[in-house]
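K.L.:
Please find upload_31.cif (mmCIF, C-alpha atoms) on the next line:
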data_work
loop_
_atom_site.group_PDB
_atom_site.id
_atom_site.type_symbol
_atom_site.label_atom_id
_atom_site.label_comp_id
_atom_site.auth_asym_id
_atom_site.auth_seq_id
_atom_site.Cartn_x
_atom_site.Cartn_y
_atom_site.Cartn_z
ATOM 1 C CA MET A 201 -41.803 50.044 -1.683
ATOM 2 C CA ARG A 202 -42.468 46.354 -1.041
ATOM 3 C CA PRO A 203 -42.326 44.085 -4.100
ATOM 4 C CA PRO A 204 -45.430 42.065 -4.915
ATOM 5 C CA ALA A 205 -45.865 38.913 -2.848
ATOM 6 C CA ARG A 206 -45.311 36.555 -5.784
ATOM 7 C CA ARG A 207 -42.022 38.230 -6.620
ATOM 8 C CA ARG A 208 -40.833 37.951 -3.020
ATOM 9 C CA HIS A 209 -41.657 34.267 -3.148
ATOM 10 C CA ARG A 210 -39.586 33.808 -6.298
ATOM 11 C CA CYS A 211 -36.625 35.588 -4.699
ATOM 12 C CA ALA A 212 -36.813 33.312 -1.677
ATOM 13 C CA ALA A 213 -36.860 30.261 -3.945
ATOM 14 C CA ALA A 214 -33.796 31.547 -5.774
ATOM 15 C CA LEU A 215 -32.028 32.056 -2.475
ATOM 16 C CA LEU A 216 -32.869 28.501 -1.439
ATOM 17 C CA VAL A 217 -31.466 27.137 -4.696
ATOM 18 C CA ALA A 218 -28.302 29.161 -4.185
ATOM 19 C CA ALA A 219 -27.965 27.873 -0.625
ATOM 20 C CA ALA A 220 -28.396 24.287 -1.805
ATOM 21 C CA ALA A 221 -25.690 24.820 -4.397
ATOM 22 C CA CYS A 222 -23.345 26.154 -1.708
ATOM 23 C CA ALA A 223 -24.032 23.139 0.525
ATOM 24 C CA ARG A 224 -22.950 20.804 -2.266
ATOM 25 C CA ALA A 225 -19.236 21.346 -1.719
ATOM 26 C CA GLU A 226 -16.773 20.891 -4.504
ATOM 27 C CA PRO A 227 -14.483 17.870 -4.149
ATOM 28 C CA VAL A 228 -11.038 18.640 -2.836
ATOM 29 C CA VAL A 229 -8.300 17.310 -5.093
ATOM 30 C CA TYR A 230 -5.002 15.973 -3.769
ATOM 31 C CA ALA A 231 -1.934 14.966 -5.755
ATOM 32 C CA ILE A 232 -0.028 11.922 -4.537
ATOM 33 C CA ASP A 233 3.154 12.953 -2.738
ATOM 34 C CA PRO A 234 5.852 10.691 -4.224
ATOM 35 C CA GLU A 235 8.156 11.244 -1.250
ATOM 36 C CA HIS A 236 5.696 9.709 1.217
ATOM 37 C CA THR A 237 3.842 7.188 -0.899
ATOM 38 C CA ARG A 238 4.709 3.510 -1.426
ATOM 39 C CA VAL A 239 2.727 0.420 -2.336
ATOM 40 C CA TRP A 240 3.813 -2.645 -0.369
ATOM 41 C CA TRP A 241 3.031 -6.251 -1.196
ATOM 42 C CA GLU A 242 3.299 -9.315 0.986
ATOM 43 C CA VAL A 243 3.265 -12.991 0.079
ATOM 44 C CA ARG A 244 3.703 -16.046 2.279
ATOM 45 C CA HIS A 245 6.691 -18.287 1.568
ATOM 46 C CA PHE A 246 6.388 -22.029 2.287
ATOM 47 C CA GLY A 247 3.852 -21.263 4.998
ATOM 48 C CA THR A 248 6.491 -19.624 7.180
ATOM 49 C CA SER A 249 7.889 -16.147 6.571
ATOM 50 C CA THR A 250 6.111 -13.362 4.732
ATOM 51 C CA GLN A 251 8.208 -12.026 1.880
ATOM 52 C CA ARG A 252 7.694 -8.313 1.290
ATOM 53 C CA GLY A 253 8.469 -5.798 -1.357
ATOM 54 C CA ARG A 254 7.213 -2.502 -2.612
ATOM 55 C CA PHE A 255 6.607 -0.343 -5.616
ATOM 56 C CA ASP A 256 8.521 2.880 -5.085
ATOM 57 C CA ASP A 257 7.234 4.932 -8.019
ATOM 58 C CA VAL A 258 3.593 5.866 -7.443
ATOM 59 C CA GLU A 259 1.675 8.843 -8.804
ATOM 60 C CA GLY A 260 -1.918 9.910 -9.043
ATOM 61 C CA ARG A 261 -4.701 12.000 -7.620
ATOM 62 C CA ILE A 262 -7.442 11.682 -5.041
ATOM 63 C CA ALA A 263 -10.606 13.780 -5.118
ATOM 64 C CA VAL A 264 -12.817 13.684 -2.041
ATOM 65 C CA ASP A 265 -16.072 15.463 -1.311
ATOM 66 C CA ARG A 266 -16.442 14.873 2.416
ATOM 67 C CA ASP A 267 -19.967 16.291 2.525
ATOM 68 C CA SER A 268 -21.454 14.087 -0.146
ATOM 69 C CA ARG A 269 -19.076 11.237 0.794
ATOM 70 C CA GLN A 270 -18.033 10.718 -2.767
ATOM 71 C CA GLY A 271 -14.759 10.823 -4.557
ATOM 72 C CA GLU A 272 -12.371 9.424 -7.095
ATOM 73 C CA VAL A 273 -9.028 7.747 -6.746
ATOM 74 C CA SER A 274 -6.707 7.363 -9.708
ATOM 75 C CA ILE A 275 -3.261 5.843 -9.145
ATOM 76 C CA ARG A 276 -0.485 4.808 -11.527
ATOM 77 C CA ILE A 277 2.285 2.479 -10.371
ATOM 78 C CA ALA A 278 5.510 2.124 -12.351
ATOM 79 C CA THR A 279 5.925 -1.654 -12.395
ATOM 80 C CA ALA A 280 9.705 -1.518 -12.950
ATOM 81 C CA SER A 281 10.066 0.249 -9.585
ATOM 82 C CA VAL A 282 9.424 -3.050 -7.780
ATOM 83 C CA SER A 283 11.925 -3.566 -4.996
ATOM 84 C CA SER A 284 12.179 -6.617 -2.754
ATOM 85 C CA GLY A 285 15.686 -6.009 -1.446
ATOM 86 C CA LEU A 286 16.958 -8.952 -3.500
ATOM 87 C CA PRO A 287 18.139 -7.916 -6.996
ATOM 88 C CA ALA A 288 17.783 -11.444 -8.430
ATOM 89 C CA LEU A 289 14.146 -11.592 -7.286
ATOM 90 C CA ASP A 290 13.490 -8.114 -8.688
ATOM 91 C CA ARG A 291 14.820 -9.199 -12.104
ATOM 92 C CA MET A 292 12.531 -12.236 -12.054
ATOM 93 C CA LEU A 293 9.542 -10.087 -11.023
ATOM 94 C CA ARG A 294 10.210 -7.637 -13.888
ATOM 95 C CA SER A 295 10.512 -10.438 -16.437
ATOM 96 C CA ASP A 296 7.763 -11.662 -18.740
ATOM 97 C CA ARG A 297 6.931 -14.440 -16.266
ATOM 98 C CA PHE A 298 5.508 -11.910 -13.813
ATOM 99 C CA LEU A 299 5.108 -8.170 -14.309
ATOM 100 C CA ALA A 300 6.448 -7.951 -17.889
ATOM 101 C CA THR A 301 7.525 -4.403 -17.165
ATOM 102 C CA ASP A 302 8.726 -3.692 -20.726
ATOM 103 C CA ALA A 303 5.342 -4.479 -22.248
ATOM 104 C CA TYR A 304 3.321 -3.200 -19.276
ATOM 105 C CA PRO A 305 5.244 -0.367 -17.618
ATOM 106 C CA SER A 306 2.256 0.778 -15.561
ATOM 107 C CA ALA A 307 -0.290 -0.778 -13.248
ATOM 108 C CA TYR A 308 -3.415 1.216 -12.419
ATOM 109 C CA PHE A 309 -5.857 1.510 -9.577
ATOM 110 C CA VAL A 310 -8.969 3.505 -10.371
ATOM 111 C CA ALA A 311 -11.886 3.790 -7.977
ATOM 112 C CA THR A 312 -15.030 5.840 -7.678
ATOM 113 C CA ARG A 313 -16.672 3.980 -4.798
ATOM 114 C CA LEU A 314 -15.517 5.337 -1.470
ATOM 115 C CA ALA A 315 -17.006 3.908 1.716
ATOM 116 C CA PHE A 316 -17.027 6.035 4.857
ATOM 117 C CA ASP A 317 -17.306 4.883 8.455
ATOM 118 C CA GLY A 318 -18.495 7.898 10.360
ATOM 119 C CA GLY A 319 -16.332 10.767 9.187
ATOM 120 C CA SER A 320 -13.355 8.686 8.111
ATOM 121 C CA LEU A 321 -12.608 6.876 4.899
ATOM 122 C CA ALA A 322 -13.016 3.121 5.445
ATOM 123 C CA ALA A 323 -12.608 1.505 2.037
ATOM 124 C CA VAL A 324 -11.973 2.313 -1.579
ATOM 125 C CA ARG A 325 -13.383 -0.175 -4.050
ATOM 126 C CA GLY A 326 -12.038 -0.038 -7.524
ATOM 127 C CA GLU A 327 -10.296 -1.745 -10.350
ATOM 128 C CA PHE A 328 -6.677 -2.858 -10.293
ATOM 129 C CA THR A 329 -5.164 -3.300 -13.729
ATOM 130 C CA LEU A 330 -2.006 -5.382 -13.899
ATOM 131 C CA ARG A 331 -0.416 -6.522 -17.173
ATOM 132 C CA GLY A 332 -3.285 -4.782 -18.930
ATOM 133 C CA CYS A 333 -5.813 -7.040 -17.254
ATOM 134 C CA ALA A 334 -8.377 -6.514 -14.549
ATOM 135 C CA PRO A 335 -9.832 -9.487 -12.691
ATOM 136 C CA ARG A 336 -13.423 -10.602 -13.053
ATOM 137 C CA ALA A 337 -14.511 -9.125 -9.718
ATOM 138 C CA SER A 338 -13.850 -5.583 -10.805
ATOM 139 C CA ARG A 339 -15.904 -5.752 -13.965
ATOM 140 C CA ALA A 340 -18.295 -2.980 -12.931
ATOM 141 C CA ALA A 341 -15.430 -0.618 -12.296
ATOM 142 C CA VAL A 342 -13.802 -1.635 -15.573
ATOM 143 C CA LYS A 343 -16.912 -0.520 -17.384
ATOM 144 C CA LEU A 344 -16.952 2.699 -15.452
ATOM 145 C CA ARG A 345 -13.353 3.480 -16.187
ATOM 146 C CA CYS A 346 -12.811 2.662 -19.783
ATOM 147 C CA SER A 347 -14.462 -0.037 -21.763
ATOM 148 C CA ALA A 348 -14.682 -3.699 -21.078
ATOM 149 C CA ARG A 349 -15.182 -6.683 -23.297
ATOM 150 C CA ARG A 350 -16.628 -9.957 -22.148
ATOM 151 C CA ALA A 351 -13.805 -12.438 -22.466
ATOM 152 C CA ALA A 352 -14.556 -15.792 -23.999
ATOM 153 C CA ALA A 353 -15.758 -18.359 -21.486
ATOM 154 C CA THR A 354 -12.323 -19.298 -20.274
ATOM 155 C CA SER A 355 -10.645 -19.171 -16.919
ATOM 156 C CA LYS A 356 -8.540 -16.267 -18.090
ATOM 157 C CA PRO A 357 -9.265 -12.890 -16.533
ATOM 158 C CA ARG A 358 -11.173 -10.291 -18.442
ATOM 159 C CA CYS A 359 -9.034 -7.740 -20.126
ATOM 160 C CA VAL A 360 -9.263 -4.026 -20.382
ATOM 161 C CA GLU A 361 -9.661 -2.931 -23.958
ATOM 162 C CA ALA A 362 -7.940 0.167 -25.174
ATOM 163 C CA SER A 363 -10.616 2.815 -25.400
ATOM 164 C CA THR A 364 -10.586 5.472 -28.077
ATOM 165 C CA ALA A 365 -12.240 7.909 -25.677
ATOM 166 C CA ALA A 366 -10.903 7.189 -22.234
ATOM 167 C CA PRO A 367 -12.616 9.241 -19.505
ATOM 168 C CA SER A 368 -10.531 12.076 -18.181
ATOM 169 C CA HIS A 369 -9.911 10.307 -14.881
ATOM 170 C CA CYS A 370 -8.013 7.516 -16.631
ATOM 171 C CA PRO A 371 -4.292 8.024 -15.999
ATOM 172 C CA SER A 372 -3.752 7.048 -19.619
ATOM 173 C CA SER A 373 -5.160 4.600 -22.101
ATOM 174 C CA PRO A 374 -4.480 1.030 -21.046
ATOM 175 C CA THR A 375 -2.020 -0.953 -23.055
ATOM 176 C CA PRO A 376 -3.432 -3.408 -25.602
ATOM 177 C CA CYS A 377 -4.702 -6.603 -24.063
ATOM 178 C CA GLY A 378 -2.192 -9.414 -23.943
ATOM 179 C CA CYS A 379 -3.810 -12.054 -21.735
ATOM 180 C CA MET B 148 16.656 7.501 8.729
ATOM 181 C CA ALA B 149 20.341 7.048 7.857
ATOM 182 C CA ARG B 150 21.126 10.630 8.916
ATOM 183 C CA ALA B 151 23.496 11.075 11.821
ATOM 184 C CA ALA B 152 20.582 12.452 13.837
ATOM 185 C CA LEU B 153 18.844 9.069 13.879
ATOM 186 C CA LEU B 154 20.725 5.906 13.035
ATOM 187 C CA ASP B 155 24.196 7.440 12.656
ATOM 188 C CA ALA B 156 24.985 4.679 10.173
ATOM 189 C CA ALA B 157 28.579 5.832 9.745
ATOM 190 C CA GLY B 158 29.328 5.770 13.452
ATOM 191 C CA HIS B 159 27.221 2.694 14.224
ATOM 192 C CA PRO B 160 26.973 0.544 11.080
ATOM 193 C CA THR B 161 25.110 -2.370 12.727
ATOM 194 C CA LEU B 162 22.110 -2.975 14.924
ATOM 195 C CA ARG B 163 22.287 -6.015 17.155
ATOM 196 C CA PHE B 164 19.595 -8.158 18.727
ATOM 197 C CA ALA B 165 20.475 -10.997 21.078
ATOM 198 C CA GLY B 166 17.620 -13.073 22.451
ATOM 199 C CA ASP B 167 18.034 -15.542 25.267
ATOM 200 C CA THR B 168 14.506 -16.171 26.551
ATOM 201 C CA VAL B 169 12.272 -18.078 24.215
ATOM 202 C CA ASP B 170 8.618 -18.556 25.017
ATOM 203 C CA PHE B 171 7.958 -21.954 23.439
ATOM 204 C CA ASP B 172 4.753 -23.430 24.807
ATOM 205 C CA ARG B 173 3.902 -25.968 22.070
ATOM 206 C CA ARG B 174 4.523 -23.222 19.561
ATOM 207 C CA LEU B 175 6.916 -20.305 19.487
ATOM 208 C CA GLY B 176 5.237 -17.276 21.035
ATOM 209 C CA ALA B 177 7.942 -14.678 21.649
ATOM 210 C CA VAL B 178 11.663 -14.051 22.009
ATOM 211 C CA ASP B 179 12.958 -11.680 24.697
ATOM 212 C CA GLY B 180 16.332 -10.063 24.241
ATOM 213 C CA LEU B 181 18.396 -6.922 24.036
ATOM 214 C CA LEU B 182 18.457 -4.556 21.098
ATOM 215 C CA THR B 183 21.640 -2.513 20.736
ATOM 216 C CA LEU B 184 21.077 0.679 18.781
ATOM 217 C CA ARG B 185 23.760 3.376 18.526
ATOM 218 C CA GLY B 186 25.706 1.568 21.241
ATOM 219 C CA ARG B 187 22.851 1.642 23.734
ATOM 220 C CA SER B 188 21.141 -1.623 24.778
ATOM 221 C CA ALA B 189 17.563 -1.957 25.978
ATOM 222 C CA PRO B 190 15.157 -4.906 26.281
ATOM 223 C CA LEU B 191 13.000 -5.809 23.309
ATOM 224 C CA THR B 192 10.425 -8.562 22.800
ATOM 225 C CA LEU B 193 9.903 -10.061 19.357
ATOM 226 C CA ARG B 194 6.418 -11.498 19.111
ATOM 227 C CA ALA B 195 6.134 -14.493 16.792
ATOM 228 C CA GLU B 196 3.229 -14.115 14.400
ATOM 229 C CA ARG B 197 3.936 -17.485 12.851
ATOM 230 C CA PHE B 198 6.800 -19.917 12.968
ATOM 231 C CA GLY B 199 7.313 -23.238 11.254
ATOM 232 C CA CYS B 200 9.761 -25.548 9.542
ATOM 233 C CA TYR B 201 9.843 -27.312 6.211
ATOM 234 C CA THR B 202 12.228 -29.291 4.048
ATOM 235 C CA HIS B 203 13.495 -27.210 1.173
ATOM 236 C CA PRO B 204 12.612 -29.177 -1.987
ATOM 237 C CA LEU B 205 15.803 -28.314 -3.879
ATOM 238 C CA LEU B 206 18.305 -28.186 -1.050
ATOM 239 C CA GLN B 207 16.760 -31.100 0.877
ATOM 240 C CA ARG B 208 17.591 -29.294 4.102
ATOM 241 C CA GLU B 209 15.373 -28.215 6.947
ATOM 242 C CA VAL B 210 14.402 -24.556 6.916
ATOM 243 C CA CYS B 211 12.695 -22.844 9.868
ATOM 244 C CA GLY B 212 11.252 -19.379 9.807
ATOM 245 C CA GLY B 213 8.370 -17.056 10.309
ATOM 246 C CA ASP B 214 7.237 -13.522 10.945
ATOM 247 C CA PHE B 215 8.143 -11.490 14.011
ATOM 248 C CA ASP B 216 6.775 -8.194 15.220
ATOM 249 C CA ALA B 217 8.106 -5.695 17.755
ATOM 250 C CA ILE B 218 7.584 -2.101 18.845
ATOM 251 C CA VAL B 219 10.704 -0.012 19.331
ATOM 252 C CA GLU B 220 10.143 3.085 21.463
ATOM 253 C CA LEU B 221 12.916 5.346 20.238
ATOM 254 C CA GLY B 222 13.050 7.239 23.531
ATOM 255 C CA ARG B 223 14.428 4.151 25.255
ATOM 256 C CA TRP B 224 17.460 4.375 22.987
ATOM 257 C CA GLY B 225 17.801 8.121 23.468
ATOM 258 C CA LEU B 226 16.310 9.008 20.095
ATOM 259 C CA ALA B 227 12.980 10.635 20.991
ATOM 260 C CA GLY B 228 14.230 14.140 20.263
ATOM 261 C CA ALA B 229 15.836 13.172 16.970
ATOM 262 C CA ALA B 230 12.634 11.472 15.851
ATOM 263 C CA ALA B 231 10.505 14.469 16.775
ATOM 264 C CA GLU B 232 12.788 16.737 14.717
ATOM 265 C CA GLN B 233 11.956 14.600 11.666
ATOM 266 C CA ALA B 234 8.210 14.641 12.477
ATOM 267 C CA LEU B 235 8.402 10.921 13.214
ATOM 268 C CA ALA B 236 6.494 9.209 16.014
ATOM 269 C CA ASP B 237 8.396 7.699 18.942
ATOM 270 C CA ARG B 238 6.974 4.243 18.276
ATOM 271 C CA VAL B 239 8.515 2.299 15.393
ATOM 272 C CA ARG B 240 6.998 -1.009 14.395
ATOM 273 C CA LEU B 241 9.451 -3.687 13.295
ATOM 274 C CA ARG B 242 8.159 -6.363 10.951
ATOM 275 C CA ILE B 243 10.734 -9.072 10.497
ATOM 276 C CA GLN B 244 10.662 -11.854 7.930
ATOM 277 C CA VAL B 245 13.235 -14.537 8.647
ATOM 278 C CA GLU B 246 14.143 -18.044 7.480
ATOM 279 C CA ALA B 247 17.202 -20.056 8.521
ATOM 280 C CA LEU B 248 18.702 -23.214 7.039
ATOM 281 C CA GLN B 249 20.316 -26.130 8.809
ATOM 282 C CA PRO B 250 23.928 -26.486 7.692
#
Just dump the structure as structure tokens.

P.N.:
Amino acid sequence: MRPPARRRHRCAAALLVAAAACARAEPVVYAIDPEHTRVWWEVRHFGTSTQRGRFDDVEGRIAVDRDSRQGEVSIRIATASVSSGLPALDRMLRSDRFLATDAYPSAYFVATRLAFDGGSLAAVRGEFTLRGCAPRASRAAVKLRCSARRAAATSKPRCVEASTAAPSHCPSSPTPCGC
Amino acid sequence: MARAALLDAAGHPTLRFAGDTVDFDRRLGAVDGLLTLRGRSAPLTLRAERFGCYTHPLLQREVCGGDFDAIVELGRWGLAGAAAEQALADRVRLRIQVEALQP
């Protein structure tokens, strides 16, 4: 026996909703592979050679929904793992003059804005927190990630405040602000 | 990369590059030479990305240096198979940072 027309209509609508839900794919989550992941830095020396080094200890996760072209990137870098190939330079980089690795053992990159070019990932815009501070340009992402406070009108960068309720995608609560 | 299958660091502890043709048309462009890897020599061109000189402020000596770039095709040194075993591509990019002081 055929169901009433109205009921058939409702069933069709339910099917459509279900289909729409299926089309919205779940993001795929990847864990950083520490054996194949490094962060390199480069800096020009006296306008001639480019001095290079890397952070060897990197961990984090990447979630990508290729259909909706959205995702999240959350990376933690162990600052003491800096390696330039020159032990004296590494000691200077770990000291309070630069990375202050004792006070700030981690640097963070957190991003929720992924830009795609065609089907491939083209850019990841986010917030880089170094020595507990994130530069002015990444203010929007700072707000998104934890909490941000407007620094006094100085040339100093804005700082990330420790948040009592850090979102789950934060690798951990940032260290207290020291800049 | 230090495994015997690739660099054989124990058997061949050094790489050697000797350049004798310098393309210097107003500014340094490239250096052609021979790269010796695991005892086998093959031509290699180092492309100068930048090159310049300055007086070191503390040492008060002239320093010259820059960045050089080259592509090593491992097959030319007999290492294509060894690279493939490690899931590595045949083409290796060298990025060289170098500065040298006058005595």

K.L.:
Using only C-alpha atoms, find the one residue out of A:Val258, A:Gly271, A:Ser284, A:Thr237 that sits nearest to chain B.

P.N.:
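Smallest separation from chain B among the options: A:Ser284.
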
K.L.:
Do you know which residues are at most 12 Å from Glu235 (chain A) counting only C-alpha atoms, after dropping those on the same chain fewer than 5 positions away, and could you put them as number ranges by chain?

P.N.:
A: 256-259

K.L.:
If we count all atoms listed in the file, what is near Gly199 (chain B) at a cut-off of 7 Å, once residues fewer than 2 positions away on the same chain are taken out, given as number ranges by chain?

P.N.:
A: 248; B: 197, 201, 211-213

K.L.:
Within 7 Å of region 309-314 of chain A, counting all atoms listed in the file, which residues show up once you throw out same-chain ones fewer than 6 positions away? Write them as an MDAnalysis selection string, please.

P.N.:
chainID A and resid 270:276 323:329

K.L.:
Quick one: which residues from chain B are at most 12 Å off chain A, using all atoms listed in the file, as a ChimeraX atom specification?

P.N.:
/B:195-204,209-216,242-247

K.L.:
To verify the selection step, state as a tab-separated table (two decimals) with C-alpha atoms, keeping the file's coordinate frame which residues the PyMOL selection byres ((chain B and resi 158-169) around 10) yields on this input.

P.N.:
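The new file part.tsv reads:
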chain	number	residue	atom	x	y	z
B	149	ALA	CA	20.34	7.05	7.86
B	151	ALA	CA	23.50	11.08	11.82
B	154	LEU	CA	20.72	5.91	13.04
B	155	ASP	CA	24.20	7.44	12.66
B	156	ALA	CA	24.98	4.68	10.17
B	157	ALA	CA	28.58	5.83	9.74
B	170	ASP	CA	8.62	-18.56	25.02
B	171	PHE	CA	7.96	-21.95	23.44
B	172	ASP	CA	4.75	-23.43	24.81
B	175	LEU	CA	6.92	-20.30	19.49
B	176	GLY	CA	5.24	-17.28	21.04
B	177	ALA	CA	7.94	-14.68	21.65
B	178	VAL	CA	11.66	-14.05	22.01
B	179	ASP	CA	12.96	-11.68	24.70
B	180	GLY	CA	16.33	-10.06	24.24
B	181	LEU	CA	18.40	-6.92	24.04
B	182	LEU	CA	18.46	-4.56	21.10
B	183	THR	CA	21.64	-2.51	20.74
B	184	LEU	CA	21.08	0.68	18.78
B	185	ARG	CA	23.76	3.38	18.53
B	186	GLY	CA	25.71	1.57	21.24
B	187	ARG	CA	22.85	1.64	23.73
B	188	SER	CA	21.14	-1.62	24.78
B	189	ALA	CA	17.56	-1.96	25.98
B	190	PRO	CA	15.16	-4.91	26.28
B	191	LEU	CA	13.00	-5.81	23.31
B	192	THR	CA	10.42	-8.56	22.80
B	193	LEU	CA	9.90	-10.06	19.36

K.L.:
What is the CA of Gln233 (chain B)-CA of Glu242 (chain A) distance in Å, reported with one decimal?

P.N.:
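One can read the CA of Gln233 (chain B) to CA of Glu242 (chain A) distance as 27.6 Å.
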
K.L.:
Using only C-alpha atoms, pick whichever of B:Arg240, B:Leu153, B:Arg174, B:Leu205 has the shortest atom-to-atom distance to Trp224 (chain B).

P.N.:
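Looking at the shortest contact to Trp224 (chain B), the residue is B:Leu153.
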
K.L.:
Quick one: pull the distance between CA of Leu299 (chain A) and CA of Ala280 (chain A), Å, one decimal.

P.N.:
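The value is 8.2 Å.
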
K.L.:
Could you tell me how far CA of Ala300 (chain A) lies from CA of Ala278 (chain A), in Å and to one decimal?

P.N.:
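Interatomic distance, CA of Ala300 (chain A) to CA of Ala278 (chain A): 11.5 Å.
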
K.L.:
Considering only C-alpha atoms, return as an MDAnalysis selection string whatever protein or nucleic-acid residues lie within 8 Å of Arg208 (chain B), sequence-local ones (same chain, fewer than 6 positions apart) excluded.

P.N.:
chainID B and resid 202 248:250

K.L.:
Given 3 Å of margin on each side, can you work out the centre and size in Å (one decimal) of an axis-aligned box holding every listed atom of region 237-247 of chain B, as lines of an AutoDock Vina configuration file?

P.N.:
center_x = 12.1
center_y = -6.2
center_z = 13.2
size_x = 16.2
size_y = 33.8
size_z = 17.5
